[in-house]
Structure formats: structure tokens, C-alpha cells
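Accompanying notes for the structure given below.
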Amino acid sequence: MDRFWSLLFLAVPVLGLLIVLGAVFNVGLHDAWLPESIGPRTKGIDYLFNLFHIIVAVVFVGTGLLLAFSLFRFRATNRKVASYVHKSIWLELLWTIIPAGTLVFLAMHQLPYWQANKEDHRAFEPAGAGSSDLETPTVRVVAYQFGWRFIYPGLDGTFDTRDDVISENLLVLPSHQEIVAELRSMDVIHSFAINKLRLKQDIVPGLSPRIWFMITQNGDWEINCMELCGWGHFRMSARLRTVSPNDFEDWLMDIVQKRGY
Amino acid sequence: MKPAESQFENQESSADQRAGFLRRYVFSIDHKVIGLQFLFSALIWLLVGGALAMAIRWQMAWPWTRIPIIGSWLFQSEGGQISPEFYTMLFTMHGTVMIFFVIIPLLLGAFGNYLIPLMIGARDMAFPKLNMLSYWFMWPAFISLLMAFFAPGYGPGAGWTAYPPLATVWEASPGSGWAQTLWLVSLLFVGISSILGSINYIATILFLRAPGLDMFRLPMTIWGLLITAILQALALPVLTVALMMQLMDRHLGTGFFTPDNLIINNFETVGTVGQPLLWQHLFWFYSHPAVYIMILPIMGMVSDILCCFARKPLFGYRPMVYSMCAIAGMGFVVWGHHMFVSGMHPFMGTVFMISTMMIALPSSVKVFNWLATLWGGRIHFTTSMLFSISFVSMFIIGGLSGIVMAANSIDEFVHDTYYIVAHFHYVLFGGTIMGVFAALYFWFPKMFGRMLNETAGKWHFLLTFIFLNGTFFPMHILGWRGFPRRMADPYFSGQFLDLLPLNRMITWCAFAMAAAQLIFIVNFFYSMFWGPRAGKNPWHANTLEWTVSSPPPHDNFEQIPTITRGPYEYSNPEHGEDFWLQVDEPEGTVENGKMSTEDVPER
Ligand code: HEM
Ligand SMILES: [Cu+2]
Ligand SMILES: [Cu+2]
């Protein structure tokens with residue numbers, strides 16, 4: 001029976017590893033690893049995601065095997081007496097320094113990616129913070145219970161004028177161009193998320209965070225609200241359509257002209 | 001103890017015993033009775049929380065379909081199916097119940113109360129009346145939350161995190177109404193109860209230790225409880241204040257957390273200049289330490305159980321203590337990892353990323369010390385031991401996914417997906433709840449004087465362990481795909497439809513896991529009355545609670561013991577047996593763990 005229990009705990013790292021490998025290499029488990037990517041933004045994040053999971057998997061399997069082995073090797077039916085050991089300074093140092101080094105490495109290694117995605121961008125400074133030299137965002141996103149409104153500055157390139165173009169629950173954007181979006185909420189906290197860009201930004205009412213990204217494919221994608229915002233949270237999704245820059249101009253002009261400004 | 005004094009105490013206790021049912025079992029000031037009161041209340045709430053979880057799983061597997069049998073009377077108006085409003089109530093209540101009514105009361109209220117005086121050689125807590133109050137302050141909390149279930153509308157619906165303005169502006173979630181207020185009131189009372197309890201624990205552990213029991217002879221269980229109590233005493237006031245502020249926002253129009261000029265469901269907020277992020281900071285300043293409150297005591301108990309059944313001293317006692325202190329201290333500076341994408345300044349994200357990475361270090365030190373404790377032992381696979389080992393095994397998984405999420409770039413992707421759900425269920429179910437089972441199987445004989453059935457226990461363990469992993473491991477996959485949490489119908493946009501079969505599998509495992517708990521319930525109540533008698537020290541353990549009868553008499557110790565050694569003298573070659581009690585008992589009375597009749601408790 002003792003052996004059975006050691007085997008049970010052996011199953012944890014073994015099966016766990018098999019599942020992860022199956023997901024990563026698409027054997028047995030289909031579409032179980034990261035979703036497809038539609039923009040350069042995901043490159044760094046996906047790299048980190050894979051790197052972290054490799055390191056974590058090594059630790060997981062290592063400690064799991066060690067645990068199962070000691071259960072098996074030191075089961076009571078196999079031993080007369082336990083060894084009377086209290087401590088070992090060297091071991092403690094070993095398993096403090098190695099994990100510490102690994103963690104410091106991981107922290108430092110992923111720092112630049114966060115900076116690249118969040119800080120090193122001219123669009124970062126929040127609007128209204130006295131930064132008038134900010135470029136005009138491509139689009140202003142207004143979230144409300146339970147939908148999305150997308151506002152384009154229109155022909156004059158400024159917001160809050162009569163020729164603003166408004167689109168409900170459909171965000172049309174040019175592909176291969178860097179987009180700067182300003183996010184606002186009318187009521188409660190929402191979160192603007194595009195899964196295939198690994199992009200997520202909460203929209204706290206009163207703040208107007210900015211995001212920037214580029215999509216390098218034409219097609220239709222999903223925008224989800226990823227922060228609980230009330231009973232209708234689940235249906236708060238919008239369509240994201242990327243078209244060539246020319247088609248995007250046409251689309252905008254079309255709406256403007258139909259309205260007759 | 002002077003003879004005269006003990007004479008006096010005995011008189012008082014027999015007066016207490018004569019005082020009748022109400023004094024002895026309801027408004028008792030005996031820490032053991034209070035501990036059991038907490039235990040039973042929390043176990044009942046565990047059933048409630050579990051039932052809520054089953055309903056959540058039903059909706060994830062078969063959204064908007066009729067629940068067989070019970071659906072028609074639960075949701076008459078919706079035709080027997082879960083409504084989106086009801087779903088938000090389900091996960092809000094599930095989280096609230098499990099955290100505030102199950103885990104915290106179990107760890108501190110039940111085990112803390114029961115074990116602290118026994119393990120440190122005291123007759124009772126430092127402030128027995130305060131202790132009684134801390135239990136009775138739970139009742140207003142219970143009642144408020146029950147009222148929130150049945151208040152008009154569908155119940156609180158802002159999640160256990162209750163982010164404003166959703167939680168503070170009535171119009172934001174019509175149908176929550178008074179239920180949300182009752183939710184706040186309930187948590188306030190839980191907070192008061194815990195503050196009272198924690199002060200008591202700290203005082204008791206610091207001042208009532210038996211002679212000879214210096215701090216570094218304390219069992220890890222006590223260390224875990226002490227550090228947890230300190231965490232509570234420091235962090236809870238912040239939550240209490242924040243809850244008060246939400247209450248005022250809801251009822252006095254203060255608007256601490258509500259910005260100006262919002263238009264919520266046709267209602268306009270005017271004249272408030274609050275900041276929703278403030279709540280998030282205050283809330284997580286409490287709630288991150290709270291996640292350690294929910295695991296440190298169990299880390300301690302598991303350490304003790306592992307040593308007992310490996311018949312081996314704890315490896316690295318001091319590093320274990322220091323790493324607990326480190327976890328507790330650093331626990332106060334990592335709260336921002338819950339807010340990486342909230343919109344706080346990205347530089348803060350960097351700072352919190354680094355501190356969060358670092359807090360994984362003491363956790364990993366603990367894991368390695370547990371592994372080293374098992375290494376070279378003589379391992380007995382009792383049910384309690386199996387649950388303890390699974391604690392280690394599962395905590396590794398939860399800790400490792402924590403490291404992944406600590407990387408803020410990755411967290412931007414997995415935040416609010418099932419990856420998070422997988423993470424905290426591995427630490428809280430795989431870790432804490434499995435540890436609670438370990439502790440229950442371990443101390444049940446002390447509490448009730450009878451043994452739990454081991455065969456049933458092992459089946460209970462095996463099934464729980466298998467289905468626990470069947471339920472929570474695949475949630476990582478859901479997370480890798482970006483599958484959102486807290487959504488009544490994640491398939492709505494069509495994006496995640498391919499994950500439906502996996503969700504069904506998870507739900508079947510969850511149902512099976514719930515069913516397996518029936519074995520435990522039957523075992524628990526059967527053994528309480530008809531199990532074999534336990535004797536003083538059925539596991540041949542070292543700590544003080546095993547030197548008194550099971551269950552212990554009213555004042556625990558006839559004579560306050562004098563402690564002569566640390567708690568982990570297992571397999572010491574200088575001693576004839578593979579265990580060595582912390583006290584030297586007079587020649588001839590050493591309890592050998594055999595069933596003996598003189599242990600029958602005098603009732
Ligand atoms: C190795 C140590 C740990 C690290 C590095 C870590 C890291 C994290 C991070 C970064 C998050 C935020 C994820 C997000 O919302 O995007 C998180 C969430 C969470 N963690 Fe941990 N964690 C650790 C250990 C624990 C432990 C021991 C517990 C409980 C016993 C715990 C319970 C939770 C809970 C409940 C949440 C989710 C709260 C919510 O959003 O509802 N974690 N953890
Ligand atoms: Cu939402
Ligand atoms: Cu945290």
C-alpha cells in the first residue's frame with residue numbers, strides 16, 4: 001500500500017508534465033496553449049510566458065520527483081529507524097541562494113518587457129495631466145454597462161467636435177499602424193482586453209488610461225470586458241475589425257459623408 | 001502553581017460544570033468548546049460554500065440550462081435556470097463564504113482556539129471572555145450574510161473584492177440593494193471577531209507559555225498561529241476602515257470611492273470626488289496578507305504532522321520560523337500585484353513585481369525544508385499524513401503559478417482569467433483545505449476522544465486528491481487560452497466555445513469531488529460516537545496536547561507542565577522510543593499510545 005501512495009504522488013509531476021507538453025506541442029490537446037497572435041506586441045509576452053513556464057516546469061518536476069522518491073525510499077515498511085537530523089547550514093544556503101538567484105534573474109529579465117509595453121511610450125502620460133503635447137489618440141474608447149462606444153476624431157482630428165465619428169460595439173482600425181487609444185468609462189470599472197494581443201487595461205472611471213498596439217493582420221477579432229461590471233458583464237464584448245489603411249479611410253469618409261458634414 | 005490557587009480554580013471550574021447546558025456548551029468560555037463551536041459553524045458553511053461552487057460549475061458546463069430536480073424550486077421565475085444576476089451572486093457568495101466563514105474561522109477560530117492553550121501548556125486563553133465574544137461576534141455576521149441571501153433582489157453581486165463604484169452606487173447593480181449593504185455589515189462583524197481573537201492569541205502565546213517553553217521550543221503550529229494573529233491585528237483595521245467607508249458611501253453619500261459625473265444606469269453622481277483605486281489599495285493591503293493568514297497556520301500544522309508521521313525532527317526549525325516571518329513581513333508590500341492592470345502608474349507595477357518575485361523565496365525555502373524533513377524519515381502513510389503530503393505537493397503548484405503571475409507582463413495576459421482561479425485554488429483548496437483535513441484527521445482523536453476510521457479516510461483522501469486535480473489542473477489550460485473568470489456566460493461571444501468540453505470535464509470532476517466528501521461526513525459523525533477510543537497519544541506525538549486525556553479535561557492540565565525539550569525529538573537515539581514528549585512525566589506513567597481505560601474522560 002505504501003508503494004501505491006508513492007506512485008500516486010509520482011503521478012502529479014508525470015501527468016502534469018505530460019499535459020503541459022501536450023498543450024505546448026499540440027499533441028493530444030489541441031489549441032490548449034497560447035491563443036494565436038495578431039500583433040508584434042505579443043512577441044515579448046509570449047516569450048516570457050514560455051520561459052517562465054519552462055523554469056517553473058523544471059522546478060515542478062524536480063520537486064515532485066524528489067517528493068515521490070522520498071516517499072518510496074523512506075516508507076515505513078522499508079525502514080527500521082528514521083535518521084535523527086535537524087539541520088544543515090549548507091543545504092539551507094544552497095536552497096536559498098539558488099532560488100534567490102533565479103528569482104532575481106527572472107525579475108530583472110522581464111523588466112524591459114514591461115517597460116517597453118507600459119512606460120517607454122510618448123502616449124503614456126495620462127490625458128489631462130497638463131501634457132498638451134500628447135498626440136491625439138486614434139480612437140477614444142468609452143465603456144459603459146454593458147457595451148462599448150468607439151469615438152474617432154473625424155476629419156478635423158480633434159475630439160469633442162461635431163464631426164466626431166461614433167461607432168457602437170464595432171471598432172474598425174487600420175492594420176500595420178500603431179494605434180493609440182484612450183480609454184474611458186462612463187459608470188463602473190471595465191477592462192479593455194484583446195486576448196490575441198495579450199492586451200488588458202482596466203478602465204477606472206475618472207482615469208483615462210492610454211494603450212497602444214499594432215495589429216498586423218486584417219480580420220475580425222474579439223474585444224472583451226475583463227473586469228466584473230455587473231450582471232451583464234458577460235455580454236460586454238465588441239468586434240474589432242482591422243482593414244488596410246486605405247479601407248479604413250474609406251470607412252471613415254463614408255460615415256462622415258453620409259452624415260453630410 | 002500554589003496549591004491554594006489551584007484549589008480555587010478547581011472550585012470555579014466545577015461551578016462552571018454545574019452551571020448547566022447553556023453555560024457549558026453555548027456561552028462557554030472554555031477555549032476547547034469555543035474551538036469546537038467555530039469548527040462546527042465553519043464546517044456547515046463549508047457545505048454552503050461547496051453547494052454554491054457546484055452551481056457555478058453547472059453554469060460553466062451547461063449555461064442557461066435547467067438544473068435538474070432542484071432548479072425548478074430554486075429559480076421558479078427563470079424557468080429553472082440560473083440567471084445572470086444570480087450567477088454574480090453565486091461567485092460573490094462562494095468567495096465570501098469560503099474565505100471569511102470557512103477558512104479563517106477554521107484555522108484561527110477552530111484550530112487556533114483548540115490548540116494554542118493545549119500546545120503551550122496553559123489552562124485557557126489569556127482572555128476567555130474575549131474569546132467567547134469573538135465567537136459570538138460571528139453570529140451577527142452569519143445572520144447578515146444569510147439575510148443577504150434572502151434579501152429582496154438577487155444578493156450581493158460585486159465579487160468578494162467588491163470594487164466600487166459597482167459596489168457602492170446602488171444603481172450600478174440594481175437587485176443587489178440591501179444585500180450589498182448586509183454583505184458589508186457581515187464582513188465588519190467578521191473583522192471585529194477576528195481582531196478580538198487575534199489579540200487574544202498573541203497575548204496567550206506570548207505570556208501564558210508553560211515554564212521551559214521558550215519561543216524556539218514552540219511547535220510550528222503555534223508559530224504559524226502567532227504570526228497569523230499578528231498579521232490579522234495589523235491588517236484587519238485597514239479593511240474595517242475601508243468597509244466603513246463603503247458603508248458610508250452607500251448610505252451617507254460620502255463618495256470616498258465614487259468619482260464625479262458618472263452616469264450609472266441613468267443615475268448621475270454629483271459632487272463626489274472619490275477615487276475607486278483607493279478602495280483597491282486598501283482592500284488588497286488587507287487581502288494580500290489575508291491570503292497568508294489563510295495558509296500560515298496550516299503550514300505550521302502540516303510541519304508538525306509531517307514530522308510526526310515521518311518520525312523525524314523538523315528539518316531547519318529556525319529557517320522555517322524565519323521564512324514564516326519573512327512571508328508575513330513581505331506580505332505587506334506586495335499587494336499591488338493584484339492591480340498590475342488597474343491603471344496605477346506602471347512604475348509601481350515594476351516595484352510590486354520585484355517584491356512579489358521576492359516573496360516566493362521564503363515559500364520555496366519552506367518547501368525544500370519539508371522535502372528534507374521527509375528525506376530519511378520512516379514514513380507512515382496515515383490519512384492525516386497523506387493529506388499533509390498532498391499539501392506540499394499542491395502548494396508547489398500554486399506557488400509556481402504565483403511566480404508566473406508575478407511577472408507583470410504575463411499577468412497582463414492572465415489577469416482575471418482562469419489562470420488566477422487555478423492559482424488560488426491550488427493554494428487554498430490543494431493547500432489549505434487539504435491541510436485542514438490533515439489537521440482534522442490528526443487532532444480529531446484529541447477533540448472527541450475517538451479515532452476516525454482510517455479505511456474510509458483513505459478513500460476520502462484518494463478521491464478528493466484525484467478529483468481536486470481533475471478540477472483545478474485543467475483550469476490552467478483555460479487560463480492559457482484567456483478564458484475569463486466571473487462571467488455568467490463566457491461563451492457568449494463565441495470566442496471560447498471550443499473550451500466547453502473541457503469545462504464539462506471539470507464540472508464532472510467537481511461533482512465527484514463534492515460527492516467524495518460524503519465519506520468524510522459519515523466517518524466524522526460515526527466515529528465521533530462509535531469510533532475506537534483514542535487514548536492520550538494515539539500517534540506517539542511529542543507535543544503537550546498529547547500528554548492529557550482525550551478529550552482534555554476542563555482546565556487542560558492538572559498541573560502546569562514543565563517543558564524540558566523541543567517538540568521534534570523523534571527518533572532520538574538517546575531515547576528508547578522514537579518519540580520523546582516535551583515534558584518528563586514521572587516514572588511509570590509514560591503513555592504508550594495503547595488504548596487504556598483510565599483515559600476515559602470524566603464527563
Ligand atoms: C509564491 C507565492 C505567491 C505568489 C508569487 C503569488 C502571486 C499572486 C499574484 C501575482 C496574484 C494576482 C493575479 C491577478 O489577479 O492577476 C495572485 C492572486 C491570488 N493569490 Fe497568490 N501568490 C502566491 C501565493 C499565494 C498563497 C499562499 C495564497 C493563499 C493561500 C494565494 C492566494 C491568492 C488569491 C486568493 C488570489 C486571487 C485574488 C482574487 O483576485 O480574487 N497566493 N497571487
Ligand atoms: Cu465587464
Ligand atoms: Cu496577493
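Ordered as shown in the C-alpha cells, chains take letters A, B, and onward, while each chain numbers its residues from 1 and ligands are numbered from 1 in the order shown.
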Taking a cut-off of 7 Å and counting only C-alpha atoms and all ligand atoms, can you build a table that, for each residue of chain B near ligand 1, reports the nearest atom pair and how far apart they are in Å (one decimal), sorted by chain then residue number, as a Markdown table?
| residue | atom | partner | partner_atom_place_in_ligand_line | distance |
| --- | --- | --- | --- | --- |
| B:Thr161 | CA | ligand 1 | 41 (O) | 6.6 |
| B:Val291 | CA | ligand 1 | 29 (C) | 4.1 |
| B:Tyr292 | CA | ligand 1 | 30 (C) | 5.3 |
| B:Met294 | CA | ligand 1 | 30 (C) | 5.2 |
| B:Ile295 | CA | ligand 1 | 30 (C) | 4.7 |
| B:His337 | CA | ligand 1 | 10 (C) | 4.7 |
| B:His338 | CA | ligand 1 | 12 (C) | 4.3 |
| B:Thr356 | CA | ligand 1 | 5 (C) | 5.2 |
| B:Met357 | CA | ligand 1 | 5 (C) | 5.8 |
| B:Ile359 | CA | ligand 1 | 2 (C) | 6.0 |
| B:Ala360 | CA | ligand 1 | 1 (C) | 4.0 |
| B:Ser363 | CA | ligand 1 | 1 (C) | 5.8 |
| B:Gly398 | CA | ligand 1 | 24 (C) | 6.7 |
| B:Gly399 | CA | ligand 1 | 1 (C) | 3.8 |
| B:Leu400 | CA | ligand 1 | 1 (C) | 6.3 |
| B:Gly402 | CA | ligand 1 | 6 (C) | 3.7 |
| B:Ile403 | CA | ligand 1 | 5 (C) | 4.4 |
| B:Met405 | CA | ligand 1 | 10 (C) | 4.4 |
| B:Ala406 | CA | ligand 1 | 10 (C) | 4.0 |
| B:Asp411 | CA | ligand 1 | 16 (O) | 5.3 |
| B:Val414 | CA | ligand 1 | 16 (O) | 6.3 |
| B:His415 | CA | ligand 1 | 16 (O) | 3.5 |
| B:Asp416 | CA | ligand 1 | 15 (O) | 5.8 |
| B:Ile420 | CA | ligand 1 | 13 (C) | 5.6 |
| B:His423 | CA | ligand 1 | 20 (N) | 6.5 |
| B:Phe424 | CA | ligand 1 | 33 (C) | 4.5 |
| B:Val427 | CA | ligand 1 | 30 (C) | 4.9 |
| B:Leu428 | CA | ligand 1 | 30 (C) | 5.0 |
| B:Thr432 | CA | ligand 1 | 30 (C) | 6.8 |
If you count only C-alpha atoms and all ligand atoms, which residues end up within 8 Å of ligand 3, as a short mmCIF file (atom, residue, chain, number, x, y, z; two decimals) with C-alpha atoms, in the first residue's frame?
data_model
loop_
_atom_site.label_atom_id
_atom_site.label_comp_id
_atom_site.auth_asym_id
_atom_site.auth_seq_id
_atom_site.Cartn_x
_atom_site.Cartn_y
_atom_site.Cartn_z
CA TRP B 284 -5.56 44.47 -1.14
CA SER B 287 -6.39 40.92 1.40
CA HIS B 288 -2.93 40.05 0.35
CA PRO B 289 -1.83 39.49 3.96
CA VAL B 291 -4.08 35.06 1.77
CA GLY B 331 3.23 40.15 2.64
CA VAL B 334 3.18 43.05 -2.44
CA TRP B 335 -0.50 43.96 -2.58
CA GLY B 336 -0.08 45.83 -5.84
CA HIS B 337 0.32 42.57 -7.77
CA HIS B 338 -3.45 42.39 -7.77
#
Using only C-alpha atoms and all ligand atoms, which residues of the polymer chains come no farther than 6 Å from ligand 2? I'd like the answer as an mmCIF file with all heavy atoms, in the first residue's frame.
data_model
loop_
_atom_site.group_PDB
_atom_site.id
_atom_site.type_symbol
_atom_site.label_atom_id
_atom_site.label_comp_id
_atom_site.auth_asym_id
_atom_site.auth_seq_id
_atom_site.Cartn_x
_atom_site.Cartn_y
_atom_site.Cartn_z
ATOM 1 N N HIS A 190 -14.463 48.883 -15.976
ATOM 2 C CA HIS A 190 -14.463 47.853 -17.007
ATOM 3 C C HIS A 190 -13.011 47.546 -17.334
ATOM 4 O O HIS A 190 -12.106 48.155 -16.782
ATOM 5 C CB HIS A 190 -15.187 48.349 -18.253
ATOM 6 C CG HIS A 190 -16.609 48.753 -18.009
ATOM 7 N ND1 HIS A 190 -17.641 47.844 -17.984
ATOM 8 C CD2 HIS A 190 -17.173 49.961 -17.745
ATOM 9 C CE1 HIS A 190 -18.771 48.490 -17.726
ATOM 10 N NE2 HIS A 190 -18.535 49.768 -17.577
ATOM 11 N N CYS A 225 -14.763 42.670 -22.196
ATOM 12 C CA CYS A 225 -14.598 43.349 -20.922
ATOM 13 C C CYS A 225 -14.129 42.285 -19.946
ATOM 14 O O CYS A 225 -14.734 41.230 -19.825
ATOM 15 C CB CYS A 225 -15.897 43.958 -20.438
ATOM 16 S SG CYS A 225 -15.749 44.601 -18.772
ATOM 17 N N MET A 226 -13.037 42.551 -19.271
ATOM 18 C CA MET A 226 -12.469 41.535 -18.382
ATOM 19 C C MET A 226 -12.517 41.939 -16.918
ATOM 20 O O MET A 226 -11.808 41.372 -16.095
ATOM 21 C CB MET A 226 -11.034 41.221 -18.795
ATOM 22 C CG MET A 226 -10.937 40.448 -20.095
ATOM 23 S SD MET A 226 -11.554 38.759 -19.991
ATOM 24 C CE MET A 226 -10.106 37.920 -19.360
ATOM 25 N N GLU A 227 -13.329 42.932 -16.583
ATOM 26 C CA GLU A 227 -13.478 43.254 -15.169
ATOM 27 C C GLU A 227 -14.968 43.231 -14.846
ATOM 28 O O GLU A 227 -15.766 43.845 -15.564
ATOM 29 C CB GLU A 227 -12.888 44.636 -14.867
ATOM 30 C CG GLU A 227 -12.993 45.072 -13.416
ATOM 31 C CD GLU A 227 -12.194 44.213 -12.467
ATOM 32 O OE1 GLU A 227 -10.985 44.077 -12.666
ATOM 33 O OE2 GLU A 227 -12.808 43.657 -11.533
ATOM 34 N N LEU A 228 -15.306 42.520 -13.787
ATOM 35 C CA LEU A 228 -16.713 42.397 -13.410
ATOM 36 C C LEU A 228 -17.367 43.774 -13.338
ATOM 37 O O LEU A 228 -16.906 44.653 -12.624
ATOM 38 C CB LEU A 228 -16.807 41.710 -12.048
ATOM 39 C CG LEU A 228 -18.212 41.630 -11.458
ATOM 40 C CD1 LEU A 228 -19.099 40.743 -12.297
ATOM 41 C CD2 LEU A 228 -18.156 41.141 -10.034
ATOM 42 N N CYS A 229 -18.445 43.953 -14.102
ATOM 43 C CA CYS A 229 -19.054 45.276 -14.143
ATOM 44 C C CYS A 229 -20.560 45.207 -13.936
ATOM 45 O O CYS A 229 -21.269 46.163 -14.231
ATOM 46 C CB CYS A 229 -18.729 45.960 -15.462
ATOM 47 S SG CYS A 229 -19.212 44.999 -16.895
ATOM 48 N N HIS A 233 -22.060 41.692 -17.481
ATOM 49 C CA HIS A 233 -20.631 41.663 -17.795
ATOM 50 C C HIS A 233 -20.315 40.695 -18.937
ATOM 51 O O HIS A 233 -19.536 41.007 -19.839
ATOM 52 C CB HIS A 233 -19.897 41.278 -16.512
ATOM 53 C CG HIS A 233 -18.451 41.003 -16.653
ATOM 54 N ND1 HIS A 233 -17.601 41.845 -17.313
ATOM 55 C CD2 HIS A 233 -17.688 39.970 -16.212
ATOM 56 C CE1 HIS A 233 -16.377 41.342 -17.279
ATOM 57 N NE2 HIS A 233 -16.409 40.207 -16.616
ATOM 58 N N MET A 236 -20.628 41.858 -22.584
ATOM 59 C CA MET A 236 -19.981 43.098 -22.952
ATOM 60 C C MET A 236 -18.786 42.847 -23.850
ATOM 61 O O MET A 236 -17.642 43.071 -23.501
ATOM 62 C CB MET A 236 -19.541 43.827 -21.685
ATOM 63 C CG MET A 236 -19.360 45.298 -21.932
ATOM 64 S SD MET A 236 -19.039 46.147 -20.409
ATOM 65 C CE MET A 236 -17.967 47.419 -21.031
#
For Leu170 in chain A, please output as a VMD selection string all residues within 6 Å (counting only C-alpha atoms; exclusion window: fewer than 6 positions along the same chain).
chain A and resid 238 to 240
Please dump the current selection as a tab-separated table (two decimals), in the first residue's frame; keep N, CA, C and O atoms.
chain	number	residue	atom	x	y	z
A	238	ALA	N	-17.18	43.33	-27.90
A	238	ALA	CA	-17.31	44.12	-29.12
A	238	ALA	C	-16.47	43.48	-30.21
A	238	ALA	O	-15.61	42.65	-29.93
A	239	ARG	N	-16.74	43.87	-31.42
A	239	ARG	CA	-15.98	43.33	-32.54
A	239	ARG	C	-14.85	44.30	-32.90
A	239	ARG	O	-15.03	45.51	-32.87
A	240	LEU	N	-13.72	43.72	-33.19
A	240	LEU	CA	-12.58	44.52	-33.63
A	240	LEU	C	-12.30	44.11	-35.07
A	240	LEU	O	-12.07	42.94	-35.35
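Restricting the calculation to only C-alpha atoms, the smallest distance between Pro40 in chain A and any of A:Arg241, A:Glu222, A:Asp254, A:Ala116 is found for A:Ala116.
Comparing the minimum interatomic distances between chain B and each of A:Asn218, A:Ser175, A:Ser83, A:Thr242, counting only C-alpha atoms, we find that A:Ser83 sits nearest.
Compared by their closest atoms to Phe101 in chain B, and using only C-alpha atoms, the residues B:Ser41, B:Asn453, B:Ser144, B:Asn131 rank with B:Ser41 nearest.
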Spatial neighbours of Asp249 in chain B, max dist 12 Å, only C-alpha atoms, sep filter under 5 positions, as a PyMOL selection string:
chain B and resi 164-170+181+184+242-244+254-259+269+272-276+279
